[in-house]
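Chemist: model_34.cif is the file, holding mmCIF, C-alpha atoms:
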data_data
loop_
_atom_site.label_atom_id
_atom_site.label_comp_id
_atom_site.auth_asym_id
_atom_site.auth_seq_id
_atom_site.Cartn_x
_atom_site.Cartn_y
_atom_site.Cartn_z
CA MET A 1 -48.15 39.09 19.87
CA SER A 2 -50.89 37.34 21.90
CA ASP A 3 -54.26 36.15 20.59
CA ILE A 4 -55.91 38.92 22.61
CA ALA A 5 -53.77 41.61 20.98
CA THR A 6 -54.52 40.40 17.48
CA ASN A 7 -58.26 39.94 17.95
CA SER A 8 -59.78 42.99 16.28
CA THR A 9 -63.38 41.92 17.05
CA ARG A 10 -63.08 42.90 20.72
CA ARG A 11 -64.51 46.12 22.11
CA LEU A 12 -62.67 48.67 24.22
CA VAL A 13 -64.80 50.74 26.61
CA ILE A 14 -63.47 54.07 27.86
CA ARG A 15 -65.38 55.78 30.66
CA ILE A 16 -64.67 59.47 31.23
CA SER A 17 -66.04 61.71 33.97
CA ARG A 18 -64.91 64.98 35.52
CA ASN A 19 -62.50 63.25 37.87
CA SER A 20 -62.05 59.71 36.63
CA LEU A 21 -60.89 57.73 33.63
CA SER A 22 -61.11 53.99 33.15
CA PHE A 23 -60.66 51.36 30.47
CA SER A 24 -62.32 47.97 30.16
CA THR A 25 -62.68 45.10 27.74
CA THR A 26 -63.47 41.39 27.82
CA ASP A 27 -61.35 38.26 27.82
CA GLY A 28 -63.81 35.48 27.08
CA ALA A 29 -66.63 35.84 29.62
CA GLN A 30 -64.53 37.96 31.99
CA VAL A 31 -64.50 41.76 32.09
CA ILE A 32 -61.09 43.35 32.54
CA TYR A 33 -61.48 46.71 34.27
CA GLU A 34 -58.61 49.14 34.72
CA PRO A 35 -59.11 52.53 36.42
CA TYR A 36 -56.47 55.08 35.49
CA ALA A 37 -54.68 57.23 38.08
CA LEU A 38 -55.21 60.78 36.83
CA LYS A 39 -52.62 63.51 37.12
CA SER A 40 -54.55 66.45 38.49
CA SER A 41 -52.05 68.96 37.11
CA ILE A 42 -52.91 68.23 33.48
CA SER A 43 -56.10 68.13 31.44
CA MET A 44 -58.19 65.02 30.78
CA ALA A 45 -57.03 65.11 27.16
CA ALA A 46 -53.40 65.11 28.30
CA ASN A 47 -54.13 62.27 30.72
CA LEU A 48 -55.60 60.22 27.90
CA ARG A 49 -52.57 60.92 25.71
CA GLU A 50 -50.36 59.70 28.53
CA ALA A 51 -52.52 56.60 29.00
CA LEU A 52 -52.18 55.81 25.31
CA ARG A 53 -48.43 55.63 25.83
CA THR A 54 -48.40 53.70 29.11
CA VAL A 55 -51.48 51.47 29.47
CA PRO A 56 -50.94 48.04 27.84
CA MET A 57 -54.68 47.54 27.24
CA LEU A 58 -54.68 50.55 24.90
CA SER A 59 -51.94 49.10 22.72
CA GLU A 60 -54.14 46.18 21.68
CA ARG A 61 -56.30 46.10 18.59
CA TYR A 62 -60.06 46.57 18.84
CA GLY A 63 -62.79 46.36 16.25
CA ARG A 64 -64.96 48.79 18.22
CA VAL A 65 -64.36 51.52 20.77
CA LEU A 66 -67.16 52.79 23.00
CA VAL A 67 -66.62 56.01 24.94
CA MET A 68 -68.98 56.64 27.87
CA VAL A 69 -69.00 60.32 28.85
CA ASP A 70 -70.27 61.46 32.23
CA SER A 71 -71.22 65.07 31.47
CA PRO A 72 -74.42 67.14 31.73
CA VAL A 73 -77.16 65.79 29.44
CA LEU A 74 -80.11 67.55 27.84
CA GLN A 75 -83.02 65.24 27.03
CA VAL A 76 -85.02 66.34 23.96
CA PRO A 77 -88.21 64.55 22.81
CA ALA A 78 -87.41 62.77 19.54
CA ASP A 79 -90.28 64.42 17.68
CA GLU A 80 -88.98 67.88 18.63
CA PHE A 81 -85.27 67.29 18.00
CA LYS A 82 -83.53 69.16 15.18
CA GLU A 83 -79.93 68.14 14.56
CA ASP A 84 -78.84 71.58 13.33
CA LEU A 85 -80.09 73.12 16.59
CA ALA A 86 -78.50 70.59 18.98
CA GLU A 87 -75.57 72.82 19.85
CA THR A 88 -77.87 75.81 20.38
CA TYR A 89 -80.15 73.76 22.64
CA TYR A 90 -77.22 72.54 24.70
CA ASN A 91 -75.34 75.82 25.08
CA HIS A 92 -78.54 77.60 26.06
CA SER A 93 -79.20 74.98 28.77
CA PHE A 94 -75.63 74.67 30.08
CA THR A 95 -74.10 78.12 29.78
CA SER A 96 -70.95 77.29 31.77
CA GLN A 97 -69.66 74.77 29.22
CA GLN A 98 -66.58 75.98 27.32
CA GLN A 99 -64.74 74.61 24.27
CA GLN A 100 -67.13 71.70 23.97
CA LYS A 101 -67.92 69.38 21.09
CA VAL A 102 -71.69 68.89 21.29
CA LEU A 103 -72.85 65.36 20.47
CA TYR A 104 -76.10 63.44 20.72
CA THR A 105 -77.38 59.90 21.11
CA VAL A 106 -80.83 58.71 20.04
CA LEU A 107 -82.64 56.70 22.73
CA PRO A 108 -85.33 54.97 20.65
CA GLU A 109 -86.80 52.97 23.55
CA MET A 110 -87.54 56.25 25.35
CA LYS A 111 -88.43 58.25 22.24
CA CYS A 112 -85.91 60.97 23.01
CA VAL A 113 -82.46 62.26 22.09
CA ALA A 114 -79.74 62.77 24.71
CA VAL A 115 -77.59 65.80 23.87
CA PHE A 116 -74.24 66.00 25.68
CA ALA A 117 -70.74 67.37 25.22
CA LEU A 118 -67.07 66.50 25.32
CA HIS A 119 -64.13 68.91 25.47
CA LYS A 120 -62.86 69.51 21.94
CA ASP A 121 -59.26 68.57 22.80
CA LEU A 122 -60.43 65.30 24.32
CA PHE A 123 -62.64 64.58 21.30
CA THR A 124 -59.62 65.11 19.04
CA VAL A 125 -57.43 62.73 21.06
CA ILE A 126 -60.12 60.03 20.88
CA THR A 127 -60.87 60.33 17.17
CA ASP A 128 -57.17 60.52 16.28
CA ALA A 129 -56.42 57.34 18.25
CA TRP A 130 -59.27 55.15 16.97
CA ASP A 131 -61.14 54.95 13.68
CA SER A 132 -64.32 53.21 14.85
CA VAL A 133 -65.60 55.11 17.88
CA ARG A 134 -69.07 55.45 19.36
CA ILE A 135 -69.50 58.15 22.01
CA VAL A 136 -72.52 58.05 24.34
CA PRO A 137 -73.60 59.49 27.70
CA ALA A 138 -72.37 57.27 30.56
CA LEU A 139 -75.93 56.85 31.82
CA THR A 140 -77.27 55.36 28.57
CA SER A 141 -77.02 51.79 29.87
CA VAL A 142 -78.65 52.75 33.19
CA TRP A 143 -81.57 54.53 31.52
CA ASN A 144 -82.23 51.60 29.19
CA HIS A 145 -81.99 48.99 31.95
CA LEU A 146 -84.15 50.82 34.48
CA ASN A 147 -86.70 51.79 31.85
CA GLN A 148 -87.19 48.08 31.19
CA ARG A 149 -87.37 47.42 34.91
CA SER A 150 -90.07 50.05 35.32
CA TYR A 151 -92.49 47.78 33.44
CA THR A 152 -92.65 45.33 36.36
CA GLY A 153 -95.37 45.70 38.97
CA ALA A 154 -98.25 48.14 39.29
CA HIS A 155 -96.41 50.83 41.27
CA CYS A 156 -94.90 54.02 39.83
CA LYS A 157 -91.13 54.06 40.31
CA LEU A 158 -88.62 56.83 40.96
CA TYR A 159 -84.93 56.02 40.47
CA SER A 160 -82.04 57.84 42.14
CA TYR A 161 -78.61 57.01 40.74
CA PHE A 162 -75.60 58.12 42.83
CA HIS A 163 -72.18 58.48 41.21
CA GLU A 164 -69.18 60.74 41.76
CA HIS A 165 -70.98 63.43 43.81
CA GLN A 166 -73.82 63.48 41.29
CA LEU A 167 -77.40 62.38 41.82
CA GLU A 168 -79.50 61.52 38.78
CA VAL A 169 -83.23 61.34 39.52
CA PHE A 170 -85.54 59.98 36.85
CA SER A 171 -88.83 58.22 36.23
CA PHE A 172 -90.51 56.67 33.20
CA ALA A 173 -94.05 56.39 31.92
CA GLN A 174 -95.23 54.80 28.66
CA ASN A 175 -91.69 54.36 27.27
CA ARG A 176 -90.79 58.00 27.88
CA PHE A 177 -88.99 59.99 30.51
CA LYS A 178 -91.59 61.35 32.89
CA PHE A 179 -88.88 63.15 34.85
CA CYS A 180 -85.11 63.48 34.52
CA ASN A 181 -82.86 65.81 36.49
CA SER A 182 -79.32 65.93 37.84
CA PHE A 183 -78.01 67.39 41.08
CA THR A 184 -74.60 67.85 42.69
CA VAL A 185 -74.61 66.26 46.16
CA THR A 186 -71.93 66.21 48.83
CA THR A 187 -73.96 65.04 51.84
CA PRO A 188 -76.83 62.59 52.42
CA GLU A 189 -78.99 65.55 53.40
CA ASP A 190 -78.49 67.09 49.94
CA ALA A 191 -79.58 63.84 48.32
CA ILE A 192 -82.60 63.38 50.59
CA TYR A 193 -83.77 66.93 49.88
CA TYR A 194 -83.55 66.55 46.09
CA ILE A 195 -85.16 63.13 46.08
CA LEU A 196 -88.10 64.23 48.20
CA ALA A 197 -88.53 67.41 46.14
CA SER A 198 -88.61 65.31 42.95
CA TRP A 199 -91.05 62.87 44.53
CA LYS A 200 -93.36 65.73 45.48
CA GLN A 201 -93.08 67.36 42.05
CA LEU A 202 -94.18 64.10 40.41
CA GLY A 203 -97.10 63.71 42.80
CA LEU A 204 -96.07 60.19 43.79
CA VAL A 205 -97.95 58.43 46.59
CA PRO A 206 -95.83 57.75 49.73
CA GLU A 207 -97.81 54.65 50.73
CA HIS A 208 -97.97 53.08 47.28
CA ASP A 209 -95.22 54.13 44.87
CA GLU A 210 -91.60 52.98 44.96
CA LEU A 211 -88.19 54.63 45.31
CA PHE A 212 -85.03 52.83 44.19
CA LEU A 213 -81.57 53.94 45.31
CA VAL A 214 -78.91 52.87 42.82
CA GLY A 215 -75.14 53.13 42.61
CA ASP A 216 -72.73 54.53 45.19
CA VAL A 217 -75.39 55.73 47.65
CA LEU A 218 -74.10 58.29 50.15
CA GLU A 219 -74.24 56.80 53.68
CA ARG A 220 -76.62 54.17 52.37
CA ASP A 221 -78.25 53.00 55.61
CA HIS A 222 -78.73 56.52 56.98
CA THR A 223 -80.12 57.81 53.67
CA LYS A 224 -82.57 54.91 53.37
CA GLU A 225 -83.75 55.28 56.98
CA GLU A 226 -84.36 59.02 56.56
CA LEU A 227 -86.26 58.54 53.31
CA GLU A 228 -88.41 55.83 54.89
CA LYS A 229 -89.80 58.47 57.26
CA TYR A 230 -91.64 59.89 54.24
CA ILE A 231 -91.83 57.05 51.70
CA LYS A 232 -92.97 53.55 52.63
CA ARG A 233 -91.40 51.58 49.79
CA VAL A 234 -87.67 52.44 49.57
CA PHE A 235 -85.28 49.89 48.04
CA VAL A 236 -81.50 49.88 47.73
CA VAL A 237 -80.49 48.06 44.56
CA ASN A 238 -77.81 45.43 45.19
CA PRO A 239 -76.03 45.03 41.83
CA ILE A 240 -74.82 41.49 42.59
CA GLY A 241 -78.41 40.37 43.03
CA GLU A 242 -79.71 42.70 40.33
CA PHE A 243 -77.39 41.18 37.75
CA ASN A 244 -77.69 37.55 38.91
CA ARG A 245 -74.23 37.39 40.46
CA ALA A 246 -72.53 38.33 37.20
CA SER A 247 -68.77 38.49 37.67
CA VAL A 248 -68.63 42.12 36.47
CA ALA A 249 -70.87 43.16 39.39
CA GLN A 250 -68.25 41.82 41.80
CA ILE A 251 -65.33 43.91 40.51
CA PRO A 252 -64.31 46.38 43.24
CA GLY A 253 -64.95 50.02 42.37
CA ILE A 254 -66.61 49.48 39.00
CA PRO A 255 -69.47 51.95 38.38
CA TYR A 256 -73.03 50.63 38.13
CA ASP A 257 -73.38 52.06 34.61
CA LEU A 258 -70.47 49.89 33.44
CA MET A 259 -72.03 46.84 35.09
CA ALA A 260 -75.32 47.58 33.29
CA LEU A 261 -73.45 47.96 30.00
CA TYR A 262 -71.73 44.58 30.24
CA VAL A 263 -74.76 42.68 31.55
CA LYS A 264 -77.62 44.41 29.70
CA GLY A 265 -75.92 46.26 26.82
CA LEU A 266 -76.98 49.59 25.36
#
Render the structure in this file as structure tokens.
Modeler:
Amino acid sequence: MSDIATNSTRRLVIRISRNSLSFSTTDGAQVIYEPYALKSSISMAANLREALRTVPMLSERYGRVLVMVDSPVLQVPADEFKEDLAETYYNHSFTSQQQQKVLYTVLPEMKCVAVFALHKDLFTVITDAWDSVRIVPALTSVWNHLNQRSYTGAHCKLYSYFHEHQLEVFSFAQNRFKFCNSFTVTTPEDAIYYILASWKQLGLVPEHDELFLVGDVLERDHTKEELEKYIKRVFVVNPIGEFNRASVAQIPGIPYDLMALYVKGL
């Protein structure tokens, strides 16, 4: 057995979304990233069971396992959160969710609690396979990183994070979410509409405040050009520059939230 396989201090990161599954870990300073080819005919839980049998990375020993879940999130102010009501809060907000295990993550830097969910079968597969598991929303690393970034400069900032046909729009003020919403987008026009509507709702100033486009931006150049007709200061975040040419930012296909996790942590 190799030194890697016997090193139980390493961390395995599993990222799960509606239509994707990936595994990653580190070998020294290098991140090893392995997307998994899903079988669309079976559930995500069944895909993970299959991966446990076939993916060599999953046969190694890990001291910690982090599961990043890309699912709808309900943000609750920390001073209003009641653990025994988390499931009620969530099911009232997301009525289409079925057979879900409702979980939550405290975000102390933003003084709130992120309530989210994972299918019960998938939760069972994960907790049966590993003893030491932490499960968090996939965007946790992005929120923490961009909240810190929002401290720089005198301009108010609106962030738009694109990933897997989802658009997350959020802004911070005084270490709290000022705004946080999620939209399904299939065209640049969808994204532009939701971003401008959020900008207007927040009362941001087109000549002064800043918009940052992050992640897998739909038709990036076109989207930026259209937004610049209404907002003067529009920036597309280049992760290689953002993360000082870190090797993880140069891995093809790796999501921005995983880059932020490995460079900035949770």
Chemist: Using only C-alpha atoms, which of A:Arg49, A:His165, A:Lys200, A:Arg11 sits nearest A:Val133?
Modeler: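 Among A:Arg49, A:His165, A:Lys200, A:Arg11, it is A:Arg11 that comes nearest to A:Val133.
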Chemist: By how many Å are atom CA of A:Leu211 and atom CA of A:Lys157 apart?
Modeler: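 Here the two named atoms are 5.8 Å from each other.
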Chemist: Which residue is closest to A:Ala117? Choose from A:Asn181, A:Ser150, A:Ser71, A:Thr95 and count only C-alpha atoms.
Modeler: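 With only C-alpha atoms as the atom set, the closest residue is A:Ser71.
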Chemist: A:Ser141, A:Thr105, A:Thr54, A:Ser17: which is nearest A:Leu122, counting only C-alpha atoms?
Modeler: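 Of all the options, A:Ser17 lies closest to A:Leu122.
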Chemist: May I have the residues within 12 Å of A:Glu109 as a VMD selection string, using all atoms listed in the file and disregarding those fewer than 3 positions away in the same chain?
Modeler: chain A and resid 77 to 78 105 to 106 112 to 113 140 to 141 143 to 148 172 to 177 266
Chemist: Skip A:Phe183 itself and residues of its chain fewer than 5 positions away, then list as a list in words all residues within 9 Å of it, counting all atoms listed in the file.
Modeler: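 The residues satisfying every condition are His165, Gln166, Leu167, Glu168, Val169, Asp190, Ala191 and Tyr194 of chain A.
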Chemist: Fewer than 6 positions away in the same chain doesn't count, so skip those; otherwise give me all residues within 7 Å of stretch 20-37 of chain A, counting all atoms listed in the file, as a list in words.
Modeler: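 Contacts, in chain order: Arg11, Leu12, Val13, Ile14 and Val248 of chain A.
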Chemist: Given the file shown, determine the residues that the PyMOL selection byres ((chain A and resi 255) around 10) selects; report them as a PyMOL selection string.
Modeler: chain A and resi 15+138+162-164+215-216+249+251-254+256-260
Chemist: Apply the PyMOL selection byres ((chain A and resi 209) around 7) to the file shown and report the selected residues as a list in words.
Modeler: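 Written out, the selection comes to His155, Cys156, Lys157, Leu204, Val205, Pro206, Glu207, His208, Glu210 and Arg233 of chain A.
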